[in-house]
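> What follows is entry_38.pdb; its format and atoms are PDB, C-alpha atoms, pLDDT in the B column.
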MODEL        1
ATOM      1  CA  MET A   1     101.692  97.224  94.332  1.00 94.00           C
ATOM      2  CA  THR A   2     101.170  99.415  91.315  1.00 97.00           C
ATOM      3  CA  ILE A   3     100.153  97.642  88.127  1.00 98.00           C
ATOM      4  CA  THR A   4      99.364  99.967  85.255  1.00 98.00           C
ATOM      5  CA  ILE A   5      97.524  98.411  82.320  1.00 98.00           C
ATOM      6  CA  GLU A   6      97.333 100.393  79.097  1.00 98.00           C
ATOM      7  CA  GLU A   7      95.318  99.301  76.071  1.00 97.00           C
ATOM      8  CA  GLU A   8      96.329 100.525  72.614  1.00 97.00           C
ATOM      9  CA  VAL A   9      93.762  98.293  70.929  1.00 96.00           C
ATOM     10  CA  GLU A  10      90.221  97.164  71.520  1.00 94.00           C
ATOM     11  CA  ILE A  11      90.353  94.188  73.866  1.00 96.00           C
ATOM     12  CA  PRO A  12      88.217  91.271  72.592  1.00 95.00           C
ATOM     13  CA  PHE A  13      88.523  89.023  75.662  1.00 96.00           C
ATOM     14  CA  SER A  14      85.343  87.579  77.146  1.00 94.00           C
ATOM     15  CA  PHE A  15      86.877  87.511  80.632  1.00 96.00           C
ATOM     16  CA  GLU A  16      87.988  90.174  83.097  1.00 97.00           C
ATOM     17  CA  TYR A  17      91.576  90.561  81.948  1.00 98.00           C
ATOM     18  CA  LYS A  18      92.696  93.302  84.359  1.00 98.00           C
ATOM     19  CA  PRO A  19      92.104  91.258  87.542  1.00 98.00           C
ATOM     20  CA  LEU A  20      93.766  88.292  85.803  1.00 98.00           C
ATOM     21  CA  ILE A  21      96.874  90.359  84.996  1.00 98.00           C
ATOM     22  CA  GLU A  22      97.018  91.725  88.550  1.00 98.00           C
ATOM     23  CA  ASN A  23      96.624  88.246  90.057  1.00 98.00           C
ATOM     24  CA  VAL A  24      99.326  86.717  87.837  1.00 98.00           C
ATOM     25  CA  VAL A  25     101.758  89.536  88.668  1.00 98.00           C
ATOM     26  CA  ASN A  26     101.133  89.109  92.403  1.00 98.00           C
ATOM     27  CA  VAL A  27     101.347  85.311  92.382  1.00 98.00           C
ATOM     28  CA  ALA A  28     104.510  85.318  90.232  1.00 98.00           C
ATOM     29  CA  LEU A  29     106.242  87.891  92.445  1.00 98.00           C
ATOM     30  CA  ASP A  30     105.303  85.948  95.575  1.00 98.00           C
ATOM     31  CA  TYR A  31     106.556  82.772  93.896  1.00 98.00           C
ATOM     32  CA  VAL A  32     110.011  84.252  93.188  1.00 98.00           C
ATOM     33  CA  GLY A  33     110.175  85.740  96.669  1.00 97.00           C
ATOM     34  CA  CYS A  34     110.173  89.416  95.756  1.00 98.00           C
ATOM     35  CA  PRO A  35     110.387  91.176  99.129  1.00 97.00           C
ATOM     36  CA  TYR A  36     109.205  94.542  97.802  1.00 97.00           C
ATOM     37  CA  GLU A  37     106.038  96.152  96.692  1.00 97.00           C
ATOM     38  CA  ALA A  38     106.564  96.528  92.963  1.00 97.00           C
ATOM     39  CA  GLU A  39     105.533  98.690  90.047  1.00 98.00           C
ATOM     40  CA  VAL A  40     104.811  97.039  86.681  1.00 98.00           C
ATOM     41  CA  HIS A  41     103.526  98.575  83.468  1.00 98.00           C
ATOM     42  CA  VAL A  42     101.617  96.359  81.004  1.00 98.00           C
ATOM     43  CA  LEU A  43     100.873  97.508  77.452  1.00 98.00           C
ATOM     44  CA  LEU A  44      98.321  95.531  75.444  1.00 98.00           C
ATOM     45  CA  THR A  45      98.811  96.163  71.754  1.00 98.00           C
ATOM     46  CA  ASP A  46      98.633  94.486  68.349  1.00 98.00           C
ATOM     47  CA  ASN A  47     101.072  92.682  66.049  1.00 97.00           C
ATOM     48  CA  ASP A  48     101.995  95.810  64.099  1.00 97.00           C
ATOM     49  CA  ALA A  49     102.912  97.818  67.180  1.00 98.00           C
ATOM     50  CA  ILE A  50     104.843  95.024  68.903  1.00 98.00           C
ATOM     51  CA  HIS A  51     106.656  94.408  65.601  1.00 97.00           C
ATOM     52  CA  GLU A  52     107.893  98.018  65.636  1.00 98.00           C
ATOM     53  CA  ILE A  53     108.881  97.855  69.302  1.00 97.00           C
ATOM     54  CA  ASN A  54     110.711  94.576  68.693  1.00 97.00           C
ATOM     55  CA  LYS A  55     112.547  96.063  65.703  1.00 97.00           C
ATOM     56  CA  GLU A  56     113.503  99.271  67.531  1.00 97.00           C
ATOM     57  CA  ASN A  57     114.605  97.657  70.786  1.00 96.00           C
ATOM     58  CA  ARG A  58     115.923  94.244  69.819  1.00 95.00           C
ATOM     59  CA  GLY A  59     116.717  94.597  66.119  1.00 95.00           C
ATOM     60  CA  VAL A  60     114.241  91.794  65.348  1.00 95.00           C
ATOM     61  CA  ASP A  61     112.092  92.642  62.327  1.00 96.00           C
ATOM     62  CA  ALA A  62     109.077  90.535  63.300  1.00 95.00           C
ATOM     63  CA  PRO A  63     106.137  90.570  65.658  1.00 95.00           C
ATOM     64  CA  THR A  64     106.329  88.537  68.845  1.00 97.00           C
ATOM     65  CA  ASP A  65     103.916  87.577  71.596  1.00 97.00           C
ATOM     66  CA  VAL A  66     105.519  89.382  74.544  1.00 98.00           C
ATOM     67  CA  LEU A  67     108.397  91.735  75.240  1.00 98.00           C
ATOM     68  CA  SER A  68     109.871  92.360  78.669  1.00 98.00           C
ATOM     69  CA  PHE A  69     111.885  95.413  79.624  1.00 98.00           C
ATOM     70  CA  PRO A  70     113.371  94.964  83.115  1.00 97.00           C
ATOM     71  CA  TYR A  71     114.659  98.000  84.974  1.00 97.00           C
ATOM     72  CA  ALA A  72     116.973  96.118  87.336  1.00 96.00           C
ATOM     73  CA  GLU A  73     119.911  93.913  86.479  1.00 95.00           C
ATOM     74  CA  TYR A  74     120.395  90.676  88.375  1.00 95.00           C
ATOM     75  CA  GLU A  75     123.622  88.742  88.786  1.00 91.00           C
ATOM     76  CA  THR A  76     121.477  85.763  89.783  1.00 94.00           C
ATOM     77  CA  PRO A  77     117.776  85.584  88.834  1.00 95.00           C
ATOM     78  CA  ALA A  78     115.443  86.847  91.561  1.00 96.00           C
ATOM     79  CA  ASP A  79     118.344  87.847  93.818  1.00 95.00           C
ATOM     80  CA  PHE A  80     116.783  90.955  95.326  1.00 96.00           C
ATOM     81  CA  ASP A  81     119.261  91.181  98.227  1.00 93.00           C
ATOM     82  CA  ARG A  82     121.555  93.925  96.909  1.00 90.00           C
ATOM     83  CA  LEU A  83     119.140  95.953  94.795  1.00 94.00           C
ATOM     84  CA  GLU A  84     118.662  98.742  97.336  1.00 92.00           C
ATOM     85  CA  GLU A  85     122.375  99.207  97.863  1.00 92.00           C
ATOM     86  CA  GLU A  86     123.648  98.589  94.301  1.00 94.00           C
ATOM     87  CA  GLN A  87     120.743  99.881  92.181  1.00 95.00           C
ATOM     88  CA  PRO A  88     118.826 102.435  94.257  1.00 95.00           C
ATOM     89  CA  ASP A  89     117.515 104.078  91.072  1.00 96.00           C
ATOM     90  CA  VAL A  90     115.181 101.088  90.453  1.00 97.00           C
ATOM     91  CA  PHE A  91     113.059 102.170  93.426  1.00 97.00           C
ATOM     92  CA  HIS A  92     110.397 104.803  92.917  1.00 97.00           C
ATOM     93  CA  PRO A  93     111.515 107.910  94.822  1.00 95.00           C
ATOM     94  CA  GLU A  94     108.011 108.671  96.119  1.00 96.00           C
ATOM     95  CA  THR A  95     106.446 105.260  96.732  1.00 96.00           C
ATOM     96  CA  GLY A  96     109.573 103.198  97.433  1.00 96.00           C
ATOM     97  CA  GLU A  97     108.234 100.488  95.137  1.00 97.00           C
ATOM     98  CA  LEU A  98     110.623  98.398  93.070  1.00 98.00           C
ATOM     99  CA  MET A  99     110.146  99.587  89.493  1.00 98.00           C
ATOM    100  CA  LEU A 100     110.260  96.117  88.011  1.00 97.00           C
ATOM    101  CA  GLY A 101     109.773  97.042  84.357  1.00 98.00           C
ATOM    102  CA  ASP A 102     107.503  97.044  81.340  1.00 98.00           C
ATOM    103  CA  ILE A 103     105.592  94.237  79.654  1.00 98.00           C
ATOM    104  CA  VAL A 104     104.280  94.547  76.091  1.00 98.00           C
ATOM    105  CA  ILE A 105     101.804  91.922  74.883  1.00 98.00           C
ATOM    106  CA  SER A 106     100.325  91.403  71.440  1.00 98.00           C
ATOM    107  CA  VAL A 107      96.616  90.714  71.896  1.00 98.00           C
ATOM    108  CA  ASP A 108      96.641  89.311  68.342  1.00 97.00           C
ATOM    109  CA  ARG A 109      99.174  86.691  69.431  1.00 98.00           C
ATOM    110  CA  VAL A 110      97.253  85.878  72.622  1.00 98.00           C
ATOM    111  CA  LEU A 111      94.265  84.988  70.453  1.00 97.00           C
ATOM    112  CA  SER A 112      96.178  83.044  67.791  1.00 97.00           C
ATOM    113  CA  GLN A 113      98.407  81.139  70.239  1.00 97.00           C
ATOM    114  CA  ALA A 114      95.475  80.151  72.450  1.00 97.00           C
ATOM    115  CA  THR A 115      93.838  78.636  69.373  1.00 97.00           C
ATOM    116  CA  GLU A 116      97.085  77.048  68.202  1.00 96.00           C
ATOM    117  CA  TYR A 117      97.807  75.455  71.608  1.00 95.00           C
ATOM    118  CA  GLY A 118      94.183  74.495  72.228  1.00 95.00           C
ATOM    119  CA  HIS A 119      93.615  76.389  75.452  1.00 95.00           C
ATOM    120  CA  SER A 120      91.779  79.507  76.587  1.00 96.00           C
ATOM    121  CA  ASN A 121      92.712  83.107  75.893  1.00 97.00           C
ATOM    122  CA  GLU A 122      92.750  83.552  79.660  1.00 97.00           C
ATOM    123  CA  ARG A 123      95.380  80.827  80.047  1.00 97.00           C
ATOM    124  CA  GLU A 124      97.504  82.292  77.233  1.00 97.00           C
ATOM    125  CA  LEU A 125      97.417  85.827  78.624  1.00 98.00           C
ATOM    126  CA  GLY A 126      98.221  84.517  82.098  1.00 98.00           C
ATOM    127  CA  PHE A 127     101.133  82.502  80.757  1.00 97.00           C
ATOM    128  CA  LEU A 128     102.604  85.482  78.889  1.00 98.00           C
ATOM    129  CA  ILE A 129     102.358  87.676  81.991  1.00 98.00           C
ATOM    130  CA  ALA A 130     103.994  84.988  84.172  1.00 98.00           C
ATOM    131  CA  HIS A 131     106.722  84.478  81.543  1.00 97.00           C
ATOM    132  CA  SER A 132     107.395  88.196  81.406  1.00 98.00           C
ATOM    133  CA  ILE A 133     107.466  88.645  85.196  1.00 98.00           C
ATOM    134  CA  LEU A 134     110.167  85.983  85.336  1.00 98.00           C
ATOM    135  CA  HIS A 135     112.144  87.981  82.754  1.00 97.00           C
ATOM    136  CA  LEU A 136     111.651  91.154  84.813  1.00 98.00           C
ATOM    137  CA  CYS A 137     113.153  89.265  87.763  1.00 97.00           C
ATOM    138  CA  GLY A 138     116.253  88.220  85.825  1.00 96.00           C
ATOM    139  CA  TYR A 139     115.305  84.825  84.420  1.00 96.00           C
ATOM    140  CA  ASP A 140     116.087  84.011  80.799  1.00 93.00           C
ATOM    141  CA  HIS A 141     115.897  81.110  78.376  1.00 88.00           C
ATOM    142  CA  MET A 142     118.794  81.701  75.997  1.00 83.00           C
ATOM    143  CA  GLU A 143     120.802  78.723  77.269  1.00 88.00           C
ATOM    144  CA  GLU A 144     119.362  75.213  77.675  1.00 91.00           C
ATOM    145  CA  ASP A 145     119.827  75.101  81.463  1.00 91.00           C
ATOM    146  CA  GLU A 146     118.213  78.556  81.821  1.00 91.00           C
ATOM    147  CA  ARG A 147     115.325  77.457  79.604  1.00 91.00           C
ATOM    148  CA  GLU A 148     114.680  74.372  81.736  1.00 95.00           C
ATOM    149  CA  VAL A 149     114.670  76.416  84.958  1.00 94.00           C
ATOM    150  CA  MET A 150     112.391  79.074  83.499  1.00 95.00           C
ATOM    151  CA  GLU A 151     109.957  76.536  82.027  1.00 95.00           C
ATOM    152  CA  GLN A 152     109.706  74.741  85.377  1.00 96.00           C
ATOM    153  CA  LYS A 153     109.000  78.024  87.162  1.00 97.00           C
ATOM    154  CA  GLN A 154     106.363  78.943  84.563  1.00 96.00           C
ATOM    155  CA  ARG A 155     104.633  75.568  85.066  1.00 95.00           C
ATOM    156  CA  GLU A 156     104.644  75.995  88.843  1.00 97.00           C
ATOM    157  CA  ILE A 157     103.238  79.538  88.624  1.00 98.00           C
ATOM    158  CA  MET A 158     100.517  78.408  86.219  1.00 97.00           C
ATOM    159  CA  ASP A 159      99.646  75.542  88.584  1.00 97.00           C
ATOM    160  CA  LEU A 160      99.360  77.993  91.493  1.00 97.00           C
ATOM    161  CA  LEU A 161      97.011  80.078  89.352  1.00 97.00           C
ATOM    162  CA  LYS A 162      95.058  76.976  88.236  1.00 95.00           C
ATOM    163  CA  LEU A 163      95.494  78.056  84.620  1.00 94.00           C
ATOM    164  CA  TYR A 164      95.945  74.735  82.913  1.00 84.00           C
ATOM    165  CA  ARG A 165      96.343  73.740  79.282  1.00 80.00           C
TER     166      ARG A 165
ENDMDL
END
How does the structure come out when it is put into structure tokens?


Amino acid sequence: MTITIEEEVEIPFSFEYKPLIENVVNVALDYVGCPYEAEVHVLLTDNDAIHEINKENRGVDAPTDVLSFPYAEYETPADFDRLEEEQPDVFHPETGELMLGDIVISVDRVLSQATEYGHSNERELGFLIAHSILHLCGYDHMEEDEREVMEQKQREIMDLLKLYR
């Protein structure tokens, strides 16, 4: 498993955030049944930078808490069965790892949303990573039925991690 964590801003967390990110990625991938070793890139940035990324990539002129950029396309969420045969380019040519995708998180939003929701920064960061991993595995929340499935999976992952509200 290759998890690259890049910080564009000073990280104000009072907890060890790198092991948390790595643990959430591993637990979430186990939860969805990913049969491969995977490669994930996580960028921790601020509201201004995520605003620009959101505008450039999604046409949304506003900051957000997390952005997910999956490399693979899934007909059905977390259906890894045909990736090797149908999308061989999503596997790293040297390591063989599934290049799952990129996660961009606004540290500013982690802090403000943790306060707003009345839980820890650790819980908020963990939630955003779990949410994004689900996106990288093909889950979405644009339709009501998709939203319900994704929210249930997020709750179950957070319970496995013991990161409660």

> Pull out every residue that the PyMOL selection byres ((chain A and resi 100) around 9) matches in the shown coordinates and put them as a ChimeraX atom specification.

/A:38-41,69-72,90-91,97-99,101-102,133,136-137

> Taking (99.6, 88.9, 69.0) in the file's own coordinates, collect the residues within 10 Å, counting all atoms listed in the file, and hand them back as a VMD selection string.

chain A and resid 44 to 51 63 to 66 105 to 113

> Decode the PyMOL selection byres ((chain A and resi 138-153) around 10) for the given file into explicit residues and return them as a PyMOL selection string.

chain A and resi 28+31-32+70-80+130-137+154-159

> Pick the closest to A:Gly33 from A:Glu52, A:Asp81, A:Glu116, A:Glu94: which is it, counting only C-alpha atoms?

A:Asp81

> Using only C-alpha atoms, find the one residue out of A:Leu161, A:Ala62, A:Ile103, A:Leu43 that sits nearest to A:Glu8.

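Of all the options, A:Leu43 lies closest to A:Glu8.
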
> Set the distance at 8 Å and use all atoms listed in the file: which residues neighbour A:Ala114 once local chain neighbours fewer than 5 positions away are removed? I'd like the list as a list in words.

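With the cut-off at 8 Å, the set is His119, Ser120, Asn121, Arg123 and Glu124 of chain A.
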
> Using the chain letters and numbers from the file, give me the residues hit by the PyMOL selection byres ((chain A and resi 13) around 9), as a PDB file with C-alpha atoms, keeping the file's coordinate frame.


ATOM      1  CA  ILE A  11      90.353  94.188  73.866  1.00 96.00           C
ATOM      2  CA  PRO A  12      88.217  91.271  72.592  1.00 95.00           C
ATOM      3  CA  SER A  14      85.343  87.579  77.146  1.00 94.00           C
ATOM      4  CA  PHE A  15      86.877  87.511  80.632  1.00 96.00           C
ATOM      5  CA  GLU A  16      87.988  90.174  83.097  1.00 97.00           C
ATOM      6  CA  TYR A  17      91.576  90.561  81.948  1.00 98.00           C
ATOM      7  CA  LEU A 111      94.265  84.988  70.453  1.00 97.00           C
ATOM      8  CA  ASN A 121      92.712  83.107  75.893  1.00 97.00           C
ATOM      9  CA  GLU A 122      92.750  83.552  79.660  1.00 97.00           C
TER      10      GLU A 122
END

> Need the axis-aligned box for stretch 69-87 of chain A with 8 Å each side, so what are the centre and edges in Å to one decimal, as AutoDock Vina command-line options?


--center_x 117.8 --center_y 92.7 --center_z 88.9 --size_x 27.8 --size_y 30.3 --size_z 34.6

> One decimal, Å: what's the distance from atom CA of A:Gly96 over to atom CA of A:Glu37, could you say?

7.9 Å

> Identify which of the residues A:Val27, A:Cys34, A:Ile3, A:Ile21 lies closest to A:Leu83, counting only C-alpha atoms when measuring atom-to-atom distances.

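Smallest distance to A:Leu83 is found for A:Cys34.
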
> When you count only C-alpha atoms, which of these residues is closest to A:Val42: A:Leu163, A:Thr115, A:Arg82, A:Glu6?

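Among the listed residues, the smallest separation from A:Val42 belongs to A:Glu6.
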
> Quick one, how far is atom CA of A:Gly126 from atom CA of A:Tyr164?

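Taking atom CA of A:Gly126 and atom CA of A:Tyr164, their separation equals 10.1 Å.
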
> Between atom CA of A:Asn26 and atom CA of A:Met1, what is the spacing in Å?

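Here the two named atoms are 8.4 Å from each other.
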
> Point out the residue among A:Pro19, A:Thr2, A:Ile53, A:Arg165 with the least atom-to-atom distance to A:Thr95, counting only C-alpha atoms.

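Selected residue with least distance to A:Thr95: A:Thr2.
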